[in-house]
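Student: Here you go, this is query.tsv (TSV, C-alpha atoms).
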```tsv
chain	number	residue	atom	x	y	z
A	314	MET	CA	20.32	-10.93	35.34
A	315	THR	CA	20.41	-13.24	32.33
A	316	VAL	CA	20.79	-12.75	28.60
A	317	GLY	CA	17.60	-11.33	27.10
A	318	ILE	CA	15.73	-12.91	24.18
A	319	VAL	CA	14.02	-11.06	21.33
A	320	ILE	CA	11.72	-12.79	18.85
A	321	VAL	CA	11.13	-11.13	15.46
A	322	SER	CA	8.62	-12.73	13.12
A	323	HIS	CA	6.73	-11.51	10.07
A	324	SER	CA	3.57	-12.59	11.88
A	325	PRO	CA	2.40	-10.97	15.15
A	326	ASP	CA	0.71	-14.28	16.00
A	327	VAL	CA	3.90	-16.33	15.49
A	328	ALA	CA	5.89	-13.85	17.60
A	329	LYS	CA	3.31	-13.97	20.39
A	330	GLY	CA	3.02	-17.76	20.18
A	331	ALA	CA	6.78	-18.28	20.30
A	332	ALA	CA	6.97	-15.89	23.27
A	333	ASP	CA	4.25	-17.91	25.05
A	334	MET	CA	6.31	-21.08	24.54
A	335	VAL	CA	9.40	-19.36	25.95
A	336	ARG	CA	7.44	-18.18	29.00
A	337	GLN	CA	6.12	-21.68	29.58
A	338	MET	CA	9.71	-22.92	29.70
A	339	VAL	CA	11.46	-20.20	31.71
A	340	GLY	CA	8.67	-18.13	33.28
A	341	ASN	CA	9.52	-14.49	33.81
A	342	GLU	CA	13.15	-15.01	34.76
A	343	VAL	CA	14.51	-14.29	31.29
A	344	PRO	CA	13.95	-10.80	29.84
A	345	LEU	CA	11.86	-11.28	26.71
A	346	GLY	CA	10.73	-9.01	23.89
A	347	PHE	CA	8.83	-9.97	20.78
A	348	CYS	CA	7.31	-8.31	17.75
A	349	GLY	CA	5.77	-9.16	14.42
A	350	GLY	CA	4.09	-7.33	11.59
A	351	ASN	CA	4.83	-4.35	9.39
A	352	PRO	CA	4.09	-0.76	10.52
A	353	ASP	CA	0.43	-1.23	9.42
A	354	GLY	CA	0.05	-4.51	11.32
A	355	GLY	CA	0.11	-6.77	8.23
A	356	LEU	CA	2.69	-9.51	7.69
A	357	GLY	CA	6.19	-8.05	7.71
A	358	THR	CA	8.65	-6.55	10.13
A	359	SER	CA	9.22	-3.07	11.48
A	360	VAL	CA	12.48	-1.50	12.67
A	361	GLU	CA	10.51	0.60	15.15
A	362	LYS	CA	8.86	-2.47	16.69
A	363	ILE	CA	12.19	-4.33	16.77
A	364	LEU	CA	13.81	-1.41	18.64
A	365	ALA	CA	10.94	-1.46	21.15
A	366	ALA	CA	11.29	-5.25	21.61
A	367	ILE	CA	15.06	-4.91	22.20
A	368	ASP	CA	14.33	-2.19	24.73
A	369	ALA	CA	11.72	-4.34	26.48
A	370	ALA	CA	14.16	-7.28	26.78
A	371	TRP	CA	17.28	-5.20	27.46
A	372	SER	CA	19.91	-6.90	29.61
A	373	GLU	CA	23.46	-5.78	30.25
A	374	ASP	CA	24.40	-9.46	29.74
A	375	GLY	CA	23.31	-9.13	26.12
A	376	ILE	CA	20.42	-9.78	23.77
A	377	ALA	CA	19.97	-12.75	21.44
A	378	ILE	CA	17.56	-12.07	18.56
A	379	LEU	CA	15.73	-14.89	16.80
A	380	VAL	CA	14.31	-14.05	13.36
A	381	ASP	CA	12.20	-15.95	10.87
A	382	LEU	CA	12.75	-14.89	7.24
A	383	GLY	CA	14.94	-12.47	5.24
A	384	GLY	CA	13.29	-9.13	6.03
A	385	ALA	CA	13.20	-9.95	9.74
A	386	GLU	CA	16.97	-10.38	9.69
A	387	THR	CA	17.66	-7.31	7.52
A	388	ASN	CA	15.38	-5.12	9.62
A	389	SER	CA	16.93	-6.48	12.85
A	390	GLU	CA	20.42	-5.64	11.55
A	391	MET	CA	19.19	-2.16	10.69
A	392	ALA	CA	17.67	-1.74	14.16
A	393	ILE	CA	20.92	-2.82	15.84
A	394	GLU	CA	22.90	-0.28	13.79
A	395	MET	CA	20.64	2.49	14.99
A	396	LEU	CA	21.58	1.84	18.64
A	397	PRO	CA	24.63	3.31	20.40
A	398	GLY	CA	27.89	1.39	19.83
A	399	GLU	CA	28.13	0.00	23.37
A	400	LYS	CA	24.66	-1.55	23.00
A	401	GLN	CA	25.38	-2.88	19.51
A	402	LYS	CA	28.24	-4.97	20.88
A	403	LYS	CA	25.85	-6.76	23.24
A	404	ILE	CA	23.34	-7.88	20.60
A	405	VAL	CA	23.58	-10.93	18.34
A	406	ILE	CA	21.25	-12.38	15.72
A	407	CYS	CA	21.05	-16.19	15.91
A	408	ASN	CA	20.98	-18.27	12.77
A	409	ALA	CA	18.29	-20.61	14.07
A	410	PRO	CA	14.62	-21.50	13.56
A	411	VAL	CA	12.60	-18.82	15.35
A	412	VAL	CA	10.35	-20.96	17.58
A	413	GLU	CA	12.74	-23.75	18.56
A	414	GLY	CA	15.64	-21.31	18.65
A	415	ALA	CA	13.84	-18.94	21.01
A	416	VAL	CA	12.94	-21.75	23.42
A	417	MET	CA	16.45	-23.25	23.38
A	418	ALA	CA	18.12	-19.84	23.66
A	419	ALA	CA	15.89	-18.82	26.57
A	420	THR	CA	16.56	-22.10	28.37
A	421	GLU	CA	20.31	-21.59	27.99
A	422	ALA	CA	19.96	-17.99	29.19
A	423	TRP	CA	17.88	-19.11	32.19
A	424	GLY	CA	20.62	-21.57	33.08
A	425	GLY	CA	23.12	-18.71	33.25
A	426	GLY	CA	24.70	-19.07	29.83
A	427	SER	CA	26.67	-16.19	28.36
A	428	LEU	CA	25.55	-14.46	25.17
A	429	ALA	CA	27.95	-16.66	23.18
A	430	ASP	CA	26.56	-19.79	24.89
A	431	VAL	CA	23.00	-18.74	24.13
A	432	LYS	CA	23.79	-18.08	20.47
A	433	ARG	CA	25.66	-21.38	20.11
A	434	THR	CA	22.84	-23.35	21.73
A	435	ALA	CA	20.23	-21.83	19.43
A	436	GLU	CA	22.39	-22.36	16.37
A	437	GLU	CA	22.89	-26.07	17.17
A	438	LEU	CA	19.39	-26.38	15.68
A	439	SER	CA	20.59	-25.18	12.27
A	440	PRO	CA	22.18	-27.59	9.81
A	441	GLN	CA	25.87	-26.75	9.47
B	747	MET	CA	23.79	20.48	-11.74
B	748	ALA	CA	21.78	21.37	-8.63
B	749	LEU	CA	19.51	18.46	-7.77
B	750	PRO	CA	15.82	19.45	-7.98
B	751	LEU	CA	14.93	17.50	-4.87
B	752	GLU	CA	11.21	18.21	-4.70
B	753	PRO	CA	10.41	17.17	-8.29
B	754	LEU	CA	12.69	14.14	-7.86
B	755	LEU	CA	10.87	12.97	-4.72
B	756	ASP	CA	7.45	13.75	-6.22
B	757	THR	CA	8.09	11.88	-9.46
B	758	ILE	CA	9.76	8.88	-7.80
B	759	SER	CA	6.93	8.67	-5.25
B	760	ALA	CA	4.17	9.05	-7.85
B	761	ARG	CA	5.65	6.40	-10.17
B	762	ILE	CA	6.36	3.89	-7.40
B	763	ILE	CA	2.87	4.37	-5.95
B	764	ALA	CA	1.32	4.03	-9.43
B	765	ALA	CA	3.32	0.83	-10.01
B	766	ALA	CA	2.32	-0.76	-6.68
B	767	ASP	CA	0.03	-3.35	-8.27
B	768	GLU	CA	2.57	-4.27	-10.94
B	769	LEU	CA	5.35	-4.67	-8.36
B	770	THR	CA	3.12	-6.74	-6.10
B	771	ALA	CA	2.15	-8.95	-9.05
B	772	LEU	CA	5.85	-9.54	-9.87
B	773	ASP	CA	6.48	-10.33	-6.21
B	774	SER	CA	3.52	-12.70	-5.99
B	775	ALA	CA	5.07	-14.80	-8.76
B	776	ILE	CA	8.35	-15.41	-6.93
B	777	GLY	CA	8.08	-13.86	-3.46
B	778	ASP	CA	5.64	-12.86	-0.77
B	779	ALA	CA	3.49	-10.45	-2.77
B	780	ASP	CA	4.23	-7.39	-0.67
B	781	HIS	CA	6.81	-5.37	-2.62
B	782	GLY	CA	4.38	-2.95	-4.26
B	783	LEU	CA	2.40	-2.37	-1.09
B	784	ASN	CA	5.54	-1.95	1.01
B	785	MET	CA	7.10	0.53	-1.41
B	786	LYS	CA	3.82	2.43	-1.64
B	787	ARG	CA	3.68	2.68	2.16
B	788	GLY	CA	7.29	3.89	2.20
B	789	PHE	CA	6.87	6.61	-0.41
B	790	GLU	CA	3.55	7.76	1.04
B	791	ALA	CA	5.49	8.25	4.27
B	792	VAL	CA	8.18	10.18	2.34
B	793	GLN	CA	5.45	12.43	0.94
B	794	ALA	CA	4.01	12.94	4.43
B	795	GLU	CA	7.50	13.95	5.64
B	796	LYS	CA	8.25	16.10	2.60
B	797	ALA	CA	8.20	19.53	4.25
B	798	ASN	CA	10.66	18.32	6.88
B	799	ILE	CA	12.84	16.62	4.23
B	800	LEU	CA	12.99	19.65	1.91
B	801	ALA	CA	13.94	21.97	4.77
B	802	LYS	CA	17.31	20.18	5.00
B	803	PRO	CA	20.44	20.42	2.84
B	804	THR	CA	20.44	17.81	0.03
B	805	GLY	CA	22.67	15.26	1.79
B	806	GLU	CA	20.68	15.37	5.02
B	807	ALA	CA	17.42	15.36	3.07
B	808	LEU	CA	18.37	12.15	1.24
B	809	LYS	CA	19.40	10.55	4.54
B	810	THR	CA	15.99	11.43	5.95
B	811	VAL	CA	14.30	9.88	2.91
B	812	GLY	CA	16.34	6.73	3.57
B	813	MET	CA	15.49	6.67	7.26
B	814	THR	CA	11.79	7.16	6.49
B	815	LEU	CA	11.89	4.14	4.16
B	816	VAL	CA	13.73	2.10	6.81
B	817	MET	CA	11.09	2.87	9.40
B	818	LYS	CA	7.97	2.60	7.25
B	819	VAL	CA	8.38	0.01	4.49
B	820	GLY	CA	8.03	-3.10	6.65
B	821	GLY	CA	9.92	-5.53	4.42
B	822	ALA	CA	13.54	-6.11	3.48
B	823	SER	CA	13.15	-3.42	0.80
B	824	GLY	CA	12.96	-0.83	3.63
B	825	PRO	CA	16.53	-1.27	4.87
B	826	LEU	CA	17.70	-1.87	1.27
B	827	TYR	CA	16.22	1.23	-0.35
B	828	GLY	CA	16.90	3.08	2.92
B	829	THR	CA	20.58	2.19	2.60
B	830	LEU	CA	20.52	3.35	-1.03
B	831	PHE	CA	19.18	6.81	-0.18
B	832	MET	CA	21.29	7.20	2.97
B	833	THR	CA	24.47	6.35	1.06
B	834	LEU	CA	23.55	8.75	-1.74
B	835	GLY	CA	23.01	11.42	0.92
B	836	LYS	CA	26.46	10.76	2.31
B	837	GLU	CA	28.31	10.51	-1.02
B	838	LEU	CA	26.71	13.00	-3.42
B	839	PRO	CA	28.60	16.31	-3.75
B	840	GLU	CA	26.78	19.62	-4.19
B	841	ASN	CA	25.90	20.14	-7.87
B	842	PRO	CA	26.91	16.65	-9.03
B	843	THR	CA	27.72	15.68	-12.60
B	844	LEU	CA	26.31	12.42	-13.98
B	845	ALA	CA	29.68	10.79	-13.25
B	846	ASP	CA	29.45	12.04	-9.63
B	847	ILE	CA	26.00	10.48	-9.40
B	848	GLY	CA	27.54	7.27	-10.78
B	849	ARG	CA	30.23	7.27	-8.09
B	850	ALA	CA	27.66	7.86	-5.34
B	851	LEU	CA	25.46	5.11	-6.78
B	852	GLN	CA	28.45	2.77	-6.90
B	853	ALA	CA	29.05	3.46	-3.20
B	854	SER	CA	25.38	2.62	-2.61
B	855	VAL	CA	25.79	-0.63	-4.56
B	856	SER	CA	28.69	-1.59	-2.25
B	857	ALA	CA	26.60	-0.73	0.82
B	858	LEU	CA	23.66	-2.74	-0.56
B	859	LYS	CA	25.86	-5.77	-1.19
B	860	ALA	CA	26.82	-5.70	2.49
B	861	ARG	CA	23.28	-5.00	3.71
B	862	GLY	CA	21.66	-7.72	1.61
B	863	LYS	CA	24.62	-10.13	1.58
B	864	ALA	CA	24.15	-10.25	-2.18
B	865	GLU	CA	26.28	-9.98	-5.30
B	866	LEU	CA	25.54	-8.98	-8.87
B	867	GLY	CA	23.77	-11.78	-10.72
B	868	ASN	CA	21.75	-12.93	-7.69
B	869	LYS	CA	18.49	-11.64	-9.28
B	870	THR	CA	18.08	-8.55	-7.12
B	871	MET	CA	17.89	-4.76	-7.40
B	872	LEU	CA	21.70	-4.81	-7.66
B	873	ASP	CA	21.38	-6.21	-11.18
B	874	VAL	CA	19.91	-2.87	-12.26
B	875	LEU	CA	21.74	-0.48	-9.92
B	876	GLY	CA	25.19	-2.02	-10.52
B	877	PRO	CA	25.29	-1.70	-14.32
B	878	VAL	CA	23.70	1.77	-14.19
B	879	ALA	CA	26.28	2.96	-11.62
B	880	SER	CA	29.16	1.69	-13.75
B	881	HIS	CA	27.69	3.24	-16.89
B	882	LEU	CA	27.23	6.63	-15.19
B	883	GLU	CA	30.76	6.50	-13.76
B	884	SER	CA	32.19	5.94	-17.23
B	885	GLY	CA	31.32	9.54	-18.09
B	886	SER	CA	29.80	8.58	-21.44
B	887	ALA	CA	26.22	8.23	-20.19
B	888	SER	CA	23.24	10.12	-21.58
B	889	PHE	CA	19.74	10.11	-20.08
B	890	ASP	CA	18.58	7.93	-22.98
B	891	SER	CA	21.39	5.41	-22.53
B	892	VAL	CA	20.77	5.21	-18.76
B	893	ARG	CA	17.02	4.65	-19.23
B	894	ALA	CA	17.69	1.98	-21.85
B	895	LEU	CA	20.28	0.24	-19.68
B	896	ALA	CA	17.98	0.24	-16.64
B	897	SER	CA	15.19	-1.29	-18.68
B	898	GLU	CA	17.44	-3.93	-20.31
B	899	SER	CA	19.00	-4.77	-16.96
B	900	ALA	CA	15.62	-5.32	-15.28
B	901	LYS	CA	14.57	-7.57	-18.19
B	902	ALA	CA	17.86	-9.44	-17.90
B	903	THR	CA	16.84	-10.63	-14.41
B	904	VAL	CA	14.05	-12.74	-15.99
B	905	PRO	CA	16.24	-15.75	-16.91
B	906	LEU	CA	18.31	-15.55	-13.69
B	907	LYS	CA	17.91	-17.97	-10.82
B	908	ALA	CA	17.40	-16.15	-7.51
B	909	ILE	CA	20.20	-16.60	-4.97
B	910	ARG	CA	19.07	-14.06	-2.37
B	911	GLY	CA	15.72	-13.01	-0.97
B	912	ARG	CA	12.43	-14.87	-0.73
B	913	ALA	CA	12.61	-15.85	-4.41
B	914	SER	CA	15.67	-17.98	-3.66
B	915	PHE	CA	13.37	-20.45	-1.85
B	916	LEU	CA	11.93	-21.27	-5.27
B	917	GLY	CA	15.30	-22.25	-6.72
B	918	GLU	CA	14.92	-23.11	-10.41
B	919	ARG	CA	11.28	-22.01	-10.36
B	920	SER	CA	12.40	-18.39	-9.90
B	921	ILE	CA	13.67	-18.51	-13.48
B	922	GLY	CA	11.35	-16.84	-16.00
B	923	HIS	CA	10.15	-13.97	-13.80
B	924	MET	CA	11.46	-10.42	-13.50
B	925	ASP	CA	12.83	-9.54	-10.08
B	926	PRO	CA	10.46	-7.05	-8.39
B	927	GLY	CA	13.34	-5.12	-6.80
B	928	ALA	CA	15.08	-4.82	-10.17
B	929	ARG	CA	11.85	-3.43	-11.61
B	930	SER	CA	11.34	-0.89	-8.78
B	931	SER	CA	14.96	0.22	-9.22
B	932	GLU	CA	14.38	0.64	-12.96
B	933	ILE	CA	11.27	2.76	-12.24
B	934	MET	CA	13.25	5.02	-9.88
B	935	ILE	CA	16.19	5.43	-12.27
B	936	THR	CA	13.83	6.27	-15.15
B	937	ALA	CA	12.03	8.80	-12.94
B	938	VAL	CA	15.34	10.46	-11.99
B	939	CYS	CA	16.42	10.64	-15.66
B	940	ASP	CA	13.07	12.13	-16.69
B	941	VAL	CA	13.21	14.82	-13.98
B	942	LEU	CA	16.85	15.75	-14.58
B	943	GLU	CA	16.20	15.95	-18.31
B	944	GLY	CA	13.15	18.11	-17.74
B	945	ARG	CA	10.68	15.60	-19.15
B	946	SER	CA	8.65	15.29	-16.00
```
Written as structure tokens, how would this file's structure read?
Tutor:
Amino acid sequence: MTVGIVIVSHSPDVAKGAADMVRQMVGNEVPLGFCGGNPDGGLGTSVEKILAAIDAAWSEDGIAILVDLGGAETNSEMAIEMLPGEKQKKIVICNAPVVEGAVMAATEAWGGGSLADVKRTAEELSPQ
Amino acid sequence: MALPLEPLLDTISARIIAAADELTALDSAIGDADHGLNMKRGFEAVQAEKANILAKPTGEALKTVGMTLVMKVGGASGPLYGTLFMTLGKELPENPTLADIGRALQASVSALKARGKAELGNKTMLDVLGPVASHLESGSASFDSVRALASESAKATVPLKAIRGRASFLGERSIGHMDPGARSSEIMITAVCDVLEGRS
């Protein structure tokens, strides 16, 4: 088991494309979930879709979520709060660019990194 | 007073849905042009859920309104307005006075600051909800004074520079436009005043 990765973008195409890049790097060995788009399928994010993506990528080692812009982060935080407490503790949102962050995070997870390692690796991409 | 939940939800929904184009136009100036559409989607979902919502006690009903907005809006305004309604549902006593409503709204303002990582003066919905909550809490508020304050407060976001939300990407260029969230908050507060006063 490794840490799971969740990609949340406003755009379904960006989410899918970032997920493809992650798969190219780590194959199917890292649990991966992704979602994009509002409840009607337009640009935006959806708590329901984020919950489904977390479920799809669920790992007892934890979940690192990569988000693009404001609403993706706010909706991801909301989704996390709707889960049971013991699950909440195993989920982090990374302050990192969504595409590069997802690939770096997944690579760290594939290498056996802990949730904290995965988050740190992704966040090395963000200016301090 | 007992809160007339059905007229409140109907009037808020109708006014937000009617203002969708205006809100989207405000958001297209300094954001991603989805606020009106997102809020419309959210309140159409509230209307679709209305029978279920009204079957519950007021506190639970408001929490369900909030959860419906969280699930259906599709932008940051979903969790933000969702948090507003859920906190009101938790904090409002039965038969609240205006000051009670102010205290519950103030609790919502605190919850929104945490949810949006924002403060007053950042050019957000808080710049309307914060002053209105404080005014209501003071105990000297009338429906007229609340409506006037909400309107002035929304206008007062025009010269502010956005610190939070998509508009903050524009930096100085966000100055000169009304914040869409401040305007939608003003519309809701005005709707609530009108219903409670019996004007709507």
Student: With a cut-off of 10 Å and counting all atoms listed in the file, select all residues of chain A in contact with chain B and give the selection as a JSON list (two decimals) with C-alpha atoms, in the coordinates of the input.
Tutor:
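As written to disk, iface_36.json reads:
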```json
[["chain", "number", "residue", "atom", "x", "y", "z"],
["A", 323, "HIS", "CA", 6.73, -11.51, 10.07],
["A", 350, "GLY", "CA", 4.09, -7.33, 11.59],
["A", 351, "ASN", "CA", 4.83, -4.35, 9.39],
["A", 352, "PRO", "CA", 4.09, -0.76, 10.52],
["A", 353, "ASP", "CA", 0.43, -1.23, 9.42],
["A", 354, "GLY", "CA", 0.05, -4.51, 11.32],
["A", 355, "GLY", "CA", 0.11, -6.77, 8.23],
["A", 356, "LEU", "CA", 2.69, -9.51, 7.69],
["A", 357, "GLY", "CA", 6.19, -8.05, 7.71],
["A", 358, "THR", "CA", 8.65, -6.55, 10.13],
["A", 359, "SER", "CA", 9.22, -3.07, 11.48],
["A", 360, "VAL", "CA", 12.48, -1.50, 12.67],
["A", 361, "GLU", "CA", 10.51, 0.60, 15.15],
["A", 362, "LYS", "CA", 8.86, -2.47, 16.69],
["A", 382, "LEU", "CA", 12.75, -14.89, 7.24],
["A", 383, "GLY", "CA", 14.94, -12.47, 5.24],
["A", 384, "GLY", "CA", 13.29, -9.13, 6.03],
["A", 385, "ALA", "CA", 13.20, -9.95, 9.74],
["A", 386, "GLU", "CA", 16.97, -10.38, 9.69],
["A", 387, "THR", "CA", 17.66, -7.31, 7.52],
["A", 388, "ASN", "CA", 15.38, -5.12, 9.62],
["A", 389, "SER", "CA", 16.93, -6.48, 12.85],
["A", 390, "GLU", "CA", 20.42, -5.64, 11.55],
["A", 391, "MET", "CA", 19.19, -2.16, 10.69],
["A", 392, "ALA", "CA", 17.67, -1.74, 14.16]]
```
Student: I'd like to know which of A:Glu394, A:Gly349, A:Pro410, A:Val319 is closest to Ala369 in chain A, using all atoms listed in the file.
Tutor: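 Nearest to Ala369 in chain A: A:Val319.
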Student: Find the residues around Met832 in chain B up to 7 Å (all atoms listed in the file counted), leave out those fewer than 4 positions away in its own chain, and share them as a list of chain:residue names.
Tutor: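 Within the cut-off, the hits are B:Leu808, B:Lys809, B:Gly812, B:Gly828, B:Lys836.
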Student: Which value, in Å to one decimal, gives the distance between CA of Leu772 in chain B and CA of Arg929 in chain B?
Tutor: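 It comes out at 8.7 Å.
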Student: Complete range 819-829 of chain B at the level of all heavy atoms, written as a short mmCIF file (atom, residue, chain, number, x, y, z; two decimals), keeping the file's coordinate frame.
Tutor:
```
data_model
loop_
_atom_site.label_atom_id
_atom_site.label_comp_id
_atom_site.auth_asym_id
_atom_site.auth_seq_id
_atom_site.Cartn_x
_atom_site.Cartn_y
_atom_site.Cartn_z
N VAL B 819 8.68 0.96 5.58
CA VAL B 819 8.38 0.01 4.49
C VAL B 819 7.88 -1.33 5.03
O VAL B 819 6.91 -1.88 4.52
CB VAL B 819 9.60 -0.16 3.56
CG1 VAL B 819 9.42 -1.39 2.67
CG2 VAL B 819 9.78 1.08 2.70
N GLY B 820 8.54 -1.87 6.04
CA GLY B 820 8.03 -3.10 6.65
C GLY B 820 8.46 -4.39 6.00
O GLY B 820 7.99 -5.46 6.37
N GLY B 821 9.34 -4.33 5.02
CA GLY B 821 9.92 -5.53 4.42
C GLY B 821 11.40 -5.30 4.26
O GLY B 821 11.91 -4.24 4.63
N ALA B 822 12.10 -6.27 3.67
CA ALA B 822 13.54 -6.11 3.48
C ALA B 822 13.84 -4.91 2.57
O ALA B 822 14.92 -4.32 2.65
CB ALA B 822 14.14 -7.38 2.89
N SER B 823 12.89 -4.55 1.70
CA SER B 823 13.15 -3.42 0.80
C SER B 823 13.29 -2.11 1.58
O SER B 823 13.87 -1.16 1.06
CB SER B 823 12.08 -3.30 -0.28
OG SER B 823 10.80 -3.41 0.27
N GLY B 824 12.81 -2.04 2.81
CA GLY B 824 12.96 -0.83 3.63
C GLY B 824 14.42 -0.54 3.93
O GLY B 824 14.97 0.50 3.53
N PRO B 825 15.10 -1.47 4.62
CA PRO B 825 16.53 -1.27 4.87
C PRO B 825 17.35 -1.19 3.57
O PRO B 825 18.36 -0.48 3.53
CB PRO B 825 16.95 -2.51 5.66
CG PRO B 825 15.71 -3.12 6.15
CD PRO B 825 14.56 -2.63 5.34
N LEU B 826 16.92 -1.88 2.52
CA LEU B 826 17.70 -1.87 1.27
C LEU B 826 17.58 -0.52 0.57
O LEU B 826 18.59 0.15 0.31
CB LEU B 826 17.26 -3.02 0.36
CG LEU B 826 17.58 -4.41 0.93
CD1 LEU B 826 16.93 -5.51 0.10
CD2 LEU B 826 19.09 -4.65 1.02
N TYR B 827 16.36 -0.09 0.28
CA TYR B 827 16.22 1.23 -0.35
C TYR B 827 16.64 2.33 0.63
O TYR B 827 17.14 3.39 0.22
CB TYR B 827 14.80 1.46 -0.89
CG TYR B 827 14.62 0.85 -2.26
CD1 TYR B 827 13.79 -0.24 -2.47
CD2 TYR B 827 15.33 1.35 -3.35
CE1 TYR B 827 13.65 -0.82 -3.72
CE2 TYR B 827 15.20 0.79 -4.61
CZ TYR B 827 14.35 -0.29 -4.79
OH TYR B 827 14.23 -0.85 -6.03
N GLY B 828 16.43 2.11 1.93
CA GLY B 828 16.90 3.08 2.92
C GLY B 828 18.40 3.26 2.84
O GLY B 828 18.92 4.38 2.83
N THR B 829 19.12 2.15 2.73
CA THR B 829 20.58 2.19 2.60
C THR B 829 20.98 2.91 1.32
O THR B 829 21.94 3.69 1.30
CB THR B 829 21.14 0.75 2.60
OG1 THR B 829 20.83 0.16 3.88
CG2 THR B 829 22.64 0.72 2.37
#
```
